[in-house]
Amino acid sequence: MAEKQNFVQIVDNLTGKIERIINLSEIEAMTAEEKLALSRAKSLYIVTHRLEPVVKIELKKTVVNHEITFPGEAETPPAPEELIPEPAPKPGRGRKSKS
């Protein structure tokens, strides 16, 4: 029967992201100073399973030598029309007259 292992999940308090997951026996083997440095500004959680992602995403860079157009997009963007400023309204002289 497999031995049950406990892991420690280290989470950064500022970002909320998981930094790493290490075996509890590794932490027990550390000195007090190493444990203090490991846990400073972090939250430690004991977890029973270490999950690894099934999907791995890779980003590949390629050099673009020509202009790319997508379907449904206009070939050339329409030229902006010249904006003609509207005249400012004339200020009134006080009270409006009733009809």
# chains A, B, ... in the order shown; residues from 1 in each chain; ligands from 1
>>> residues_around(residues="segment 42-51 of chain A", least_positions_apart="5", cutoff="6 Å", atoms="only C-alpha atoms", output="count of residues only")
8
>>> closest_residue(among="A:Glu52, A:Lys90, A:Arg40, A:Thr69", to="Ile21 of chain A", atoms="only C-alpha atoms")
A:Glu52
